[in-house]
>>> print(open('start-v8.txt').read())   # compact mmCIF, C-alpha atoms
# COMPACT_ATOMS: atom_id res chain seq x y z
CA MET O 12 0.00 0.00 0.00
CA GLY O 13 1.56 3.24 -1.13
CA ASP O 14 1.85 6.52 0.73
CA PHE O 15 -0.76 7.94 -1.68
CA TRP O 16 -3.52 6.03 0.09
CA LYS O 17 -2.04 6.17 3.60
CA LYS O 18 -2.94 9.86 3.71
CA VAL O 19 -6.60 8.94 3.88
CA THR O 20 -8.18 10.08 7.16
CA SER O 21 -11.72 10.03 8.41
CA THR O 22 -13.69 9.72 11.65
CA LEU O 23 -16.96 8.62 10.14
CA LEU O 24 -18.71 5.70 11.80
CA PHE O 25 -21.42 3.47 10.46
CA THR O 26 -23.78 0.89 11.86
CA LEU O 27 -23.61 -2.80 11.14
CA GLY O 28 -25.62 -4.79 8.64
CA LEU O 29 -25.37 -7.51 6.00
CA THR O 30 -27.53 -9.59 3.74
CA LEU O 31 -26.56 -13.13 4.67
CA LEU O 32 -25.74 -15.62 1.96
CA GLY O 33 -23.92 -18.95 1.61
CA TRP O 34 -22.52 -20.86 4.59
CA ARG O 35 -23.63 -19.75 8.03
CA ALA O 36 -21.75 -20.30 11.28
CA GLU O 37 -24.32 -21.24 13.91
CA GLY O 38 -23.72 -20.37 17.56
CA GLN O 39 -25.38 -20.15 20.95
CA GLY O 40 -25.04 -17.94 24.01
CA ASN O 41 -22.82 -18.98 26.90
CA GLY O 42 -24.29 -16.79 29.63
CA ARG O 43 -21.33 -14.37 29.58
CA GLY O 44 -22.65 -12.09 26.87
CA LYS O 45 -20.74 -13.97 24.18
CA THR O 46 -21.74 -16.46 21.54
CA GLU O 47 -20.12 -19.89 21.32
CA VAL O 48 -19.20 -21.16 17.85
CA SER O 49 -17.40 -24.15 16.49
CA GLY O 50 -13.69 -23.78 15.85
CA ARG O 51 -14.11 -25.73 12.63
CA GLY O 52 -15.79 -22.75 11.01
CA PRO O 53 -16.53 -21.46 8.52
CA VAL O 54 -15.60 -17.97 9.71
CA TYR O 55 -15.65 -14.83 7.55
CA LEU O 56 -12.80 -12.74 8.97
CA GLY O 57 -14.07 -9.45 7.54
CA GLN O 58 -16.86 -9.08 10.12
CA HIS O 59 -15.43 -6.22 12.17
CA VAL O 60 -16.17 -2.94 13.89
CA ASP O 61 -12.81 -2.76 15.70
CA ALA O 62 -10.29 -3.86 13.09
CA TRP O 63 -7.67 -5.13 15.58
CA ARG O 64 -10.03 -7.00 17.89
CA PRO O 65 -10.22 -10.72 17.08
CA LEU O 66 -13.50 -11.91 15.65
CA VAL O 67 -13.40 -15.25 17.47
CA GLN O 68 -11.12 -16.60 20.18
CA THR O 69 -10.72 -19.48 22.59
CA THR O 70 -8.82 -20.16 25.80
CA ALA O 71 -7.50 -23.51 27.01
CA ASN O 72 -5.24 -24.81 29.71
CA LEU O 73 -1.87 -25.82 28.31
CA THR O 74 -2.27 -29.22 29.92
CA GLU O 75 -5.16 -29.84 27.50
CA VAL O 76 -2.98 -29.37 24.41
CA GLN O 77 -2.57 -32.74 22.69
CA SER O 78 -0.93 -31.62 19.44
CA ILE O 79 1.83 -29.32 18.24
CA LYS O 80 0.03 -28.47 15.01
CA SER O 81 -2.99 -26.44 13.88
CA THR O 82 -4.49 -26.84 10.42
CA PHE O 83 -7.18 -24.90 8.59
CA GLU O 84 -8.36 -24.01 5.10
CA PHE O 85 -8.02 -20.39 4.05
CA ARG O 86 -9.27 -18.38 1.05
CA THR O 87 -8.90 -14.72 0.12
CA PHE O 88 -8.19 -12.15 -2.57
CA ASP O 89 -7.07 -9.67 0.12
CA PRO O 90 -3.31 -8.97 0.05
CA GLU O 91 -3.01 -7.84 3.67
CA GLY O 92 -4.55 -8.55 7.05
CA ALA O 93 -4.54 -10.55 10.28
CA VAL O 94 -5.41 -14.24 10.08
CA PHE O 95 -4.32 -16.19 13.20
CA TYR O 96 -2.98 -15.30 16.63
CA GLY O 97 -1.83 -17.32 19.65
CA ASP O 98 -0.19 -16.51 22.98
CA THR O 99 0.85 -17.83 26.38
CA LYS O 100 1.93 -16.19 29.64
CA ASN O 101 -0.98 -13.76 29.37
CA GLY O 102 0.36 -12.25 26.18
CA GLN O 103 4.03 -12.07 27.14
CA GLU O 104 4.85 -14.60 24.43
CA TRP O 105 2.84 -14.49 21.22
CA PHE O 106 2.58 -15.47 17.56
CA VAL O 107 0.90 -13.57 14.70
CA PHE O 108 0.19 -14.99 11.25
CA SER O 109 -0.85 -12.45 8.61
CA LEU O 110 -0.52 -11.62 4.95
CA LYS O 111 1.57 -8.81 3.48
CA GLU O 112 1.27 -8.25 -0.28
CA GLY O 113 -0.38 -11.67 -0.37
CA ILE O 114 2.67 -13.42 1.12
CA PRO O 115 2.58 -15.18 4.53
CA GLU O 116 4.20 -13.27 7.38
CA MET O 117 4.94 -14.59 10.88
CA GLN O 118 5.79 -12.34 13.83
CA ILE O 119 6.90 -14.05 17.03
CA ARG O 120 7.79 -12.96 20.53
CA LYS O 121 9.33 -15.66 22.74
CA GLY O 122 11.42 -14.76 25.79
CA ASP O 123 14.08 -12.31 24.65
CA ILE O 124 13.39 -12.98 20.96
CA LEU O 125 11.31 -10.73 18.71
CA ILE O 126 11.31 -11.81 15.08
CA SER O 127 9.44 -11.21 11.83
CA VAL O 128 9.75 -13.43 8.75
CA THR O 129 7.97 -13.24 5.38
CA GLY O 130 7.99 -15.90 2.69
CA GLY O 131 6.22 -18.67 0.87
CA PRO O 132 3.70 -18.58 -1.97
CA LYS O 133 1.16 -15.82 -2.48
CA LEU O 134 -2.13 -16.90 -0.92
CA ASN O 135 -4.48 -14.17 -2.15
CA ASP O 136 -5.51 -15.97 -5.33
CA GLY O 137 -9.10 -16.68 -4.28
CA LYS O 138 -8.47 -20.43 -3.96
CA TRP O 139 -8.80 -22.59 -0.87
CA HIS O 140 -5.40 -23.46 0.63
CA LEU O 141 -4.75 -25.97 3.40
CA LEU O 142 -2.45 -24.30 5.93
CA GLY O 143 -0.59 -25.95 8.79
CA LEU O 144 1.20 -24.16 11.64
CA SER O 145 3.36 -26.20 14.00
CA SER O 146 6.02 -25.70 16.65
CA ILE O 147 8.73 -28.37 16.74
CA GLU O 148 11.55 -27.83 19.24
CA LYS O 149 13.10 -24.47 18.25
CA PHE O 150 11.31 -24.16 14.92
CA VAL O 151 7.96 -22.73 13.84
CA ILE O 152 6.82 -24.22 10.53
CA LEU O 153 4.21 -23.07 8.03
CA GLU O 154 2.92 -25.64 5.55
CA VAL O 155 0.89 -24.67 2.48
CA ASP O 156 -1.04 -27.42 0.71
CA GLY O 157 1.14 -30.14 2.24
CA SER O 158 4.54 -28.54 1.53
CA LYS O 159 6.82 -26.57 3.85
CA ALA O 160 6.54 -22.91 2.88
CA LEU O 161 8.28 -21.10 5.74
CA VAL O 162 10.50 -22.31 8.59
CA VAL O 163 11.56 -19.99 11.43
CA GLY O 164 14.31 -20.97 13.88
CA LEU O 165 14.26 -19.48 17.37
CA GLY O 166 17.58 -19.54 19.21
CA SER O 167 17.98 -17.95 22.63
CA GLU O 168 20.50 -17.87 25.49
CA VAL O 169 17.58 -17.93 27.91
CA THR O 170 16.94 -21.43 29.25
CA ASP O 171 13.55 -22.81 28.23
CA GLU O 172 11.20 -23.24 31.14
CA PHE O 173 8.15 -25.39 31.52
CA VAL O 174 5.20 -23.27 30.44
CA SER O 175 1.94 -23.69 32.29
CA GLY O 176 -1.23 -21.68 32.51
CA GLU O 177 -3.52 -20.63 29.67
CA LEU O 178 -3.17 -20.65 25.93
CA ARG O 179 -5.18 -18.13 23.90
CA LEU O 180 -5.99 -18.51 20.21
CA ALA O 181 -7.77 -15.98 18.01
CA LEU O 182 -8.81 -15.38 14.39
CA GLY O 183 -9.03 -12.07 12.54
CA GLY O 184 -7.15 -9.92 15.05
CA ILE O 185 -4.59 -9.85 17.86
CA LEU O 186 -4.74 -9.77 21.67
CA VAL O 187 -1.63 -7.66 22.30
CA ASP O 188 -1.15 -3.99 21.59
CA ARG O 189 -0.26 -3.42 17.95
CA SER O 190 2.71 -1.28 19.04
CA GLU O 191 4.47 -4.55 19.97
CA LEU O 192 4.51 -5.68 16.35
CA ILE O 193 7.77 -5.38 14.44
CA VAL O 194 6.00 -4.90 11.13
CA GLN O 195 2.80 -2.88 11.10
CA PHE O 196 0.02 -3.87 8.71
CA GLN O 197 -3.61 -3.19 7.87
CA PRO O 198 -5.48 -5.71 10.09
CA GLU O 199 -8.72 -6.05 8.10
CA MET O 200 -8.88 -9.37 6.27
CA ASP O 201 -11.55 -10.04 3.66
CA GLY O 202 -11.06 -13.79 3.83
CA CYS O 203 -12.53 -17.05 5.09
CA VAL O 204 -11.34 -19.85 7.35
CA LYS O 205 -12.94 -23.29 7.57
CA GLU O 206 -12.21 -26.86 8.71
CA GLY O 207 -10.05 -25.62 11.58
CA ASN O 208 -8.26 -28.12 13.82
CA TRP O 209 -6.57 -26.08 16.53
CA LEU O 210 -4.04 -28.22 18.43
CA ASN O 211 -6.73 -30.92 18.67
CA LEU O 212 -8.56 -28.79 21.24
CA THR O 213 -12.29 -29.42 21.59
CA SER O 214 -13.26 -26.33 23.60
CA PRO O 215 -15.70 -23.98 21.82
CA TRP O 216 -14.66 -20.61 20.45
CA GLU O 217 -16.35 -17.36 21.47
CA THR O 218 -17.36 -14.19 19.66
CA GLU O 219 -18.90 -10.93 20.81
CA GLU O 220 -21.08 -10.91 17.70
CA GLU O 221 -24.60 -12.29 17.96
CA GLU O 222 -24.13 -14.24 14.75
CA LEU O 223 -21.20 -14.85 12.45
CA TRP O 224 -21.54 -13.82 8.85
CA PRO O 225 -21.19 -16.47 6.18
CA CYS O 226 -18.54 -17.29 3.63
CA TYR O 227 -19.77 -17.19 0.05
CA GLN O 228 -19.64 -20.51 -1.75
CA ASN O 229 -17.78 -18.97 -4.70
CA ILE O 230 -16.05 -15.61 -4.99
CA GLN O 231 -14.53 -13.35 -7.63
CA PRO O 232 -12.22 -10.32 -7.30
CA GLY O 233 -13.88 -7.01 -6.59
CA SER O 234 -15.61 -4.97 -3.89
CA TYR O 235 -19.11 -6.11 -2.91
CA PHE O 236 -21.82 -3.78 -1.68
CA PRO O 237 -24.91 -5.56 -0.27
CA GLY O 238 -27.08 -2.42 -0.08
CA THR O 239 -26.49 -1.55 3.57
CA GLY O 240 -23.52 0.83 3.53
CA CYS O 241 -20.67 2.47 1.65
CA ALA O 242 -17.02 3.54 1.89
CA VAL O 243 -16.10 7.22 2.31
CA PHE O 244 -12.82 9.02 1.58
CA ASN O 245 -11.71 12.62 2.00
CA THR O 246 -11.36 14.08 -1.50
CA SER O 247 -8.45 16.20 -0.26
CA VAL O 248 -6.16 13.14 -0.36
CA PHE O 249 -6.55 12.92 -4.13
CA PRO O 250 -4.37 15.67 -5.63
CA PHE O 251 -6.14 17.83 -8.20
CA GLU O 252 -3.64 18.57 -10.96
CA VAL O 253 -4.61 21.53 -13.14
CA GLU O 254 -3.29 19.95 -16.33
CA SER O 255 -4.64 16.42 -15.95
CA GLY O 256 -7.39 16.87 -13.34
CA VAL O 257 -8.64 13.84 -11.40
CA LYS O 258 -9.72 10.56 -12.97
CA ILE O 259 -12.07 8.12 -11.21
CA GLU O 260 -12.68 4.77 -12.91
CA THR O 261 -14.95 1.88 -12.03
CA TRP O 262 -15.27 -1.54 -13.65
CA GLY O 263 -18.16 -4.00 -13.46
CA ASP O 264 -21.41 -5.27 -14.93
CA PHE O 265 -23.39 -2.06 -14.48
CA GLY O 266 -26.59 -3.67 -15.76
CA GLN O 267 -26.58 -5.95 -12.70
CA MET O 268 -26.09 -3.12 -10.19
CA ASP O 269 -28.70 -1.11 -8.37
CA GLY O 270 -28.11 2.02 -6.32
CA THR O 271 -25.43 4.70 -6.03
CA ILE O 272 -22.06 3.77 -7.49
CA LEU O 273 -20.35 6.93 -6.22
CA SER O 274 -21.12 10.44 -5.01
CA ILE O 275 -19.20 13.59 -4.00
CA ARG O 276 -20.32 16.24 -1.55
CA ALA O 277 -18.83 18.84 0.82
CA PRO O 278 -20.30 20.29 4.07
CA GLY O 279 -22.70 23.14 3.44
CA HIS O 280 -22.84 22.49 -0.28
CA GLU O 281 -25.23 20.79 -2.64
CA LEU O 282 -24.36 17.39 -4.04
CA LEU O 283 -21.59 17.82 -6.62
CA LEU O 284 -21.79 14.44 -8.36
CA ALA O 285 -23.82 11.24 -8.22
CA VAL O 286 -23.51 8.13 -10.39
CA VAL O 287 -26.54 5.87 -9.95
CA ALA O 288 -27.38 2.48 -11.50
CA ASN O 289 -30.97 1.34 -12.02
CA ASN O 290 -31.38 -2.40 -12.32
CA ASN O 291 -34.96 -2.07 -13.56
CA THR O 292 -34.25 0.26 -16.48
CA LYS O 293 -30.68 -1.02 -17.01
CA GLU O 294 -29.47 2.58 -17.07
CA VAL O 295 -26.73 4.55 -15.33
CA THR O 296 -27.51 8.19 -14.51
CA ILE O 297 -24.81 10.77 -13.85
CA THR O 298 -25.95 13.93 -12.09
CA PHE O 299 -23.39 16.78 -12.06
CA GLY O 300 -24.81 19.95 -10.58
CA ASN O 301 -27.85 20.78 -12.72
CA ASP O 302 -26.74 18.53 -15.57
CA LYS O 303 -27.96 14.96 -15.99
CA LEU O 304 -26.61 12.27 -18.31
CA ILE O 305 -28.47 8.96 -18.77
CA MET O 306 -26.59 6.03 -20.32
CA ALA O 307 -27.92 2.63 -21.35
CA GLU O 308 -26.03 -0.32 -19.86
CA GLY O 309 -23.77 -2.44 -22.02
CA PHE O 310 -20.41 -1.00 -20.99
CA LYS O 311 -18.01 -2.54 -18.45
CA ARG O 312 -15.75 0.40 -17.65
CA LEU O 313 -16.76 3.93 -16.67
CA ALA O 314 -14.28 6.80 -16.34
CA ILE O 315 -15.14 10.23 -14.91
CA ILE O 316 -12.46 12.87 -15.43
CA PHE O 317 -12.63 16.14 -13.49
CA GLN O 318 -10.99 19.10 -15.22
CA LYS O 319 -10.94 22.72 -14.12
CA ASP O 320 -13.59 23.77 -16.62
CA PHE O 321 -15.46 20.58 -17.51
CA LEU O 322 -16.34 17.02 -16.50
CA GLN O 323 -15.68 14.26 -19.02
CA VAL O 324 -17.47 10.89 -19.03
CA LEU O 325 -15.89 8.00 -20.93
CA LYS O 326 -17.30 4.51 -21.48
CA ASP O 327 -14.98 1.57 -22.17
CA GLU O 328 -12.12 3.99 -22.99
CA ASP O 329 -13.88 4.96 -26.22
CA PRO O 330 -13.07 8.63 -27.04
CA SER O 331 -15.70 8.70 -29.78
CA GLY O 332 -18.45 8.27 -27.22
CA ALA O 333 -17.08 10.73 -24.65
CA THR O 334 -19.42 13.31 -23.13
CA LYS O 335 -18.29 16.67 -21.71
CA LEU O 336 -20.28 18.65 -19.18
CA SER O 337 -19.06 22.25 -19.01
CA ILE O 338 -18.39 24.20 -15.83
CA PRO O 339 -19.12 27.95 -16.20
CA PRO O 340 -16.15 30.23 -15.35
CA GLU O 341 -18.03 31.79 -12.42
CA SER O 342 -18.55 28.33 -10.87
CA GLN O 343 -15.04 26.95 -11.25
CA SER O 344 -13.62 28.21 -7.95
CA HIS O 345 -16.71 26.95 -6.12
CA TYR O 346 -16.32 23.57 -7.81
CA LEU O 347 -12.64 23.30 -6.78
CA THR O 348 -13.52 24.26 -3.20
CA ILE O 349 -16.02 21.42 -3.00
CA TRP O 350 -13.49 18.95 -4.40
CA ARG O 351 -10.71 19.95 -2.01
CA GLY O 352 -12.89 19.89 1.11
CA GLY O 353 -15.44 17.21 0.39
CA ARG O 354 -16.00 13.49 0.60
CA LEU O 355 -16.05 10.76 -2.02
CA ALA O 356 -18.47 7.93 -1.24
CA ILE O 357 -18.19 4.62 -3.05
CA GLY O 358 -21.48 2.72 -2.91
CA GLY O 359 -23.73 5.37 -1.40
CA LEU O 360 -25.39 8.76 -1.84
CA LEU O 361 -23.94 11.27 0.61
CA GLY O 362 -26.37 13.28 2.72
CA GLU O 363 -26.10 16.69 4.33
CA GLY O 364 -24.13 17.63 7.42
CA GLU O 365 -20.91 16.38 8.96
CA ASP O 366 -22.18 12.84 9.53
CA TYR O 367 -22.80 12.26 5.81
CA VAL O 368 -25.49 9.69 6.51
CA GLY O 369 -25.89 7.95 3.18
CA THR O 370 -28.88 6.61 1.28
CA ASN O 371 -29.62 4.60 -1.85
CA TYR O 372 -26.77 2.20 -1.15
CA LEU O 373 -25.36 0.14 -3.96
CA ILE O 374 -26.23 -3.51 -4.43
CA GLY O 375 -23.66 -5.14 -6.65
CA CYS O 376 -20.00 -5.82 -7.38
CA LEU O 377 -17.45 -3.26 -8.50
CA GLU O 378 -14.72 -5.37 -10.06
CA LYS O 379 -12.16 -2.60 -9.79
CA ILE O 380 -12.02 1.02 -8.54
CA GLN O 381 -9.19 3.40 -9.39
CA VAL O 382 -8.38 7.04 -8.70
CA GLN O 383 -5.56 8.60 -10.71
CA GLY O 384 -4.71 5.17 -12.08
CA LYS O 385 -4.17 3.64 -8.63
CA ASP O 386 -6.32 0.88 -7.15
CA LEU O 387 -8.50 2.23 -4.36
CA ASP O 388 -8.10 0.28 -1.11
CA LEU O 389 -11.47 0.42 0.68
CA ASP O 390 -9.82 -0.77 3.90
CA LEU O 391 -8.35 2.74 4.17
CA ALA O 392 -11.78 4.38 4.04
CA ALA O 393 -14.44 4.94 6.68
CA LYS O 394 -16.17 1.78 5.54
CA HIS O 395 -19.43 0.16 6.56
CA ALA O 396 -18.68 -3.28 7.96
CA SER O 397 -20.90 -5.00 5.42
CA VAL O 398 -18.77 -3.91 2.45
CA SER O 399 -16.28 -6.54 1.25
CA SER O 400 -13.14 -4.80 0.02
CA TYR O 401 -11.64 -7.56 -2.12
CA SER O 402 -14.24 -10.19 -2.97
CA CYS O 403 -17.70 -10.51 -4.47
CA PRO O 404 -20.02 -13.52 -4.54
CA ALA O 405 -19.75 -15.29 -7.89
>>> encode(input="start-v8.txt", output="structure tokens")
Amino acid sequence: MGDFWKKVTSTLLFTLGLTLLGWRAEGQGNGRGKTEVSGRGPVYLGQHVDAWRPLVQTTANLTEVQSIKSTFEFRTFDPEGAVFYGDTKNGQEWFVFSLKEGIPEMQIRKGDILISVTGGPKLNDGKWHLLGLSSIEKFVILEVDGSKALVVGLGSEVTDEFVSGELRLALGGILVDRSELIVQFQPEMDGCVKEGNWLNLTSPWETEEEELWPCYQNIQPGSYFPGTGCAVFNTSVFPFEVESGVKIETWGDFGQMDGTILSIRAPGHELLLAVVANNNTKEVTITFGNDKLIMAEGFKRLAIIFQKDFLQVLKDEDPSGATKLSIPPESQSHYLTIWRGGRLAIGGLLGEGEDYVGTNYLIGCLEKIQVQGKDLDLDLAAKHASVSSYSCPA
């Protein structure tokens, strides 16, 4: 993730919601305000309000551990995020398994050792992979689909002691402060875990959620919007260059979408731009100020280019079909002010006021979203929890 996107800042919060599809993880209350679920899954790791807090976790006495190995199946298109965590000694010694640029990364703290190692095959290909994590003497081993992918040796001058007490395991987050990590990463993981066998433990796992969201049976790359929320960025993080302007591009089957694809608005101003798909009429309507452009579906790529004195709309990179909407000279400074101090919503129609409560949320899959030729990472936005950043149901 480049510095371009790391500038994104926002304090917007949204409420939870999701249309449930596919596999469902059933659970029941345990009398402590938490829901018990099976450790075998499936578990969709993207179900989060607090990105660092584990979605599910379990605690066991170390005397109950009958195996040195945990295995599970894992699937994602997401290149970065937390997958598995374990610790002993109340968090003094811990292990974190995550992805960075799609490649497995292990961070370990044991006694006086603090180590981070990255390696093995890329796992964010959307396929199910059988992963195994084991600790054998002074080595931690990651297996991918039956083959050793990463081996970490831990040597220390501190004498090993018999470890007793509790073992904690967690999925989709960590139980220590993130400042202890050697390598920082974006914790959100749009991925699924199933068929987990965690050190042969039989104790149930717990979650603070009332119900776990499902994993889709089949997925494809893209960002999925189920009609319950959107992702919002500050437009100020996208530099407006006088010569080239700003280019926003979206890819997808627009005839299958319904709702707002994107919108731009600033506090105290009218809506600057809205791009809305209508699944009934199979049309996409672009509203820019007082201008309105209605396009029949049949295109797969839509580019909107903001210039100082006009807005250009381009379908499937075809210059012959480009449409220009002029901006009067007296409105140009006002237009630039809105751009530099506003918000860009992907998947929703921005409302008035500082809270930007959205409406007419998108239902559908955006296969790709780019600003200035760079892929837009929705994990860096103020994003409704129901929006999947990297996968769509297929």
>>> residues_around(input="start-v8.txt", residues="Trp105 in chain O", least_positions_apart="3", cutoff="9 Å", atoms="only C-alpha atoms", output="MDAnalysis selection string")
chainID O and resid 96:100 102 118:121 186:187
>>> closest_residue(input="start-v8.txt", among="O:Lys45, O:His140, O:Lys319, O:Lys335", to="Lys303 in chain O", atoms="only C-alpha atoms")
O:Lys335
>>> closest_residue(input="start-v8.txt", among="O:Gly166, O:Gly92, O:Gly143, O:Gly332", to="Leu125 in chain O", atoms="all atoms listed in the file")
O:Gly166
>>> closest_residue(input="start-v8.txt", among="O:Cys203, O:Leu322, O:Met268, O:Leu110", to="Gly137 in chain O", atoms="all atoms listed in the file")
O:Cys203
>>> closest_residue(input="start-v8.txt", among="O:Gln103, O:Ser399, O:Ser127, O:Ser214", to="Asp188 in chain O", atoms="only C-alpha atoms")
O:Gln103
>>> residues_around(input="start-v8.txt", residues="Ser145 in chain O", least_positions_apart="6", cutoff="7 Å", atoms="all atoms listed in the file", output="tab-separated table (two decimals) with C-alpha atoms, in the coordinates of the input")
chain	number	residue	atom	x	y	z
O	79	ILE	CA	1.83	-29.32	18.24
O	80	LYS	CA	0.03	-28.47	15.01
O	81	SER	CA	-2.99	-26.44	13.88
O	151	VAL	CA	7.96	-22.73	13.84
O	152	ILE	CA	6.82	-24.22	10.53
O	153	LEU	CA	4.21	-23.07	8.03
>>> closest_residue(input="start-v8.txt", among="O:Ile357, O:Ile272, O:Ile259, O:Leu178", to="Val287 in chain O", atoms="all atoms listed in the file")
O:Ile272
>>> closest_residue(input="start-v8.txt", among="O:Gly184, O:Pro340, O:Gly238, O:Pro132", to="Phe321 in chain O", atoms="all atoms listed in the file")
O:Pro340
>>> atom_distance(input="start-v8.txt", atom1="CA of Arg51 in chain O", atom2="CA of Met200 in chain O")
18.3 Å
>>> atom_distance(input="start-v8.txt", atom1="CA of Leu182 in chain O", atom2="CA of Phe106 in chain O")
11.8 Å
>>> atom_distance(input="start-v8.txt", atom1="CA of Leu223 in chain O", atom2="CA of Glu112 in chain O")
26.7 Å
>>> residues_near_point(input="start-v8.txt", point="(-16.8, -9.3, -6.5)", cutoff="12 Å", atoms="all atoms listed in the file", output="count of residues only")
34
>>> residues_around(input="start-v8.txt", residues="Glu75 in chain O", least_positions_apart="6", cutoff="12 Å", atoms="all atoms listed in the file", output="compact mmCIF listing (two decimals) with C-alpha atoms, in the frame of the given file")
# COMPACT_ATOMS: atom_id res chain seq x y z
CA SER O 175 1.94 -23.69 32.29
CA GLY O 176 -1.23 -21.68 32.51
CA GLU O 177 -3.52 -20.63 29.67
CA LEU O 178 -3.17 -20.65 25.93
CA TRP O 209 -6.57 -26.08 16.53
CA LEU O 210 -4.04 -28.22 18.43
CA ASN O 211 -6.73 -30.92 18.67
CA LEU O 212 -8.56 -28.79 21.24
CA THR O 213 -12.29 -29.42 21.59
CA SER O 214 -13.26 -26.33 23.60
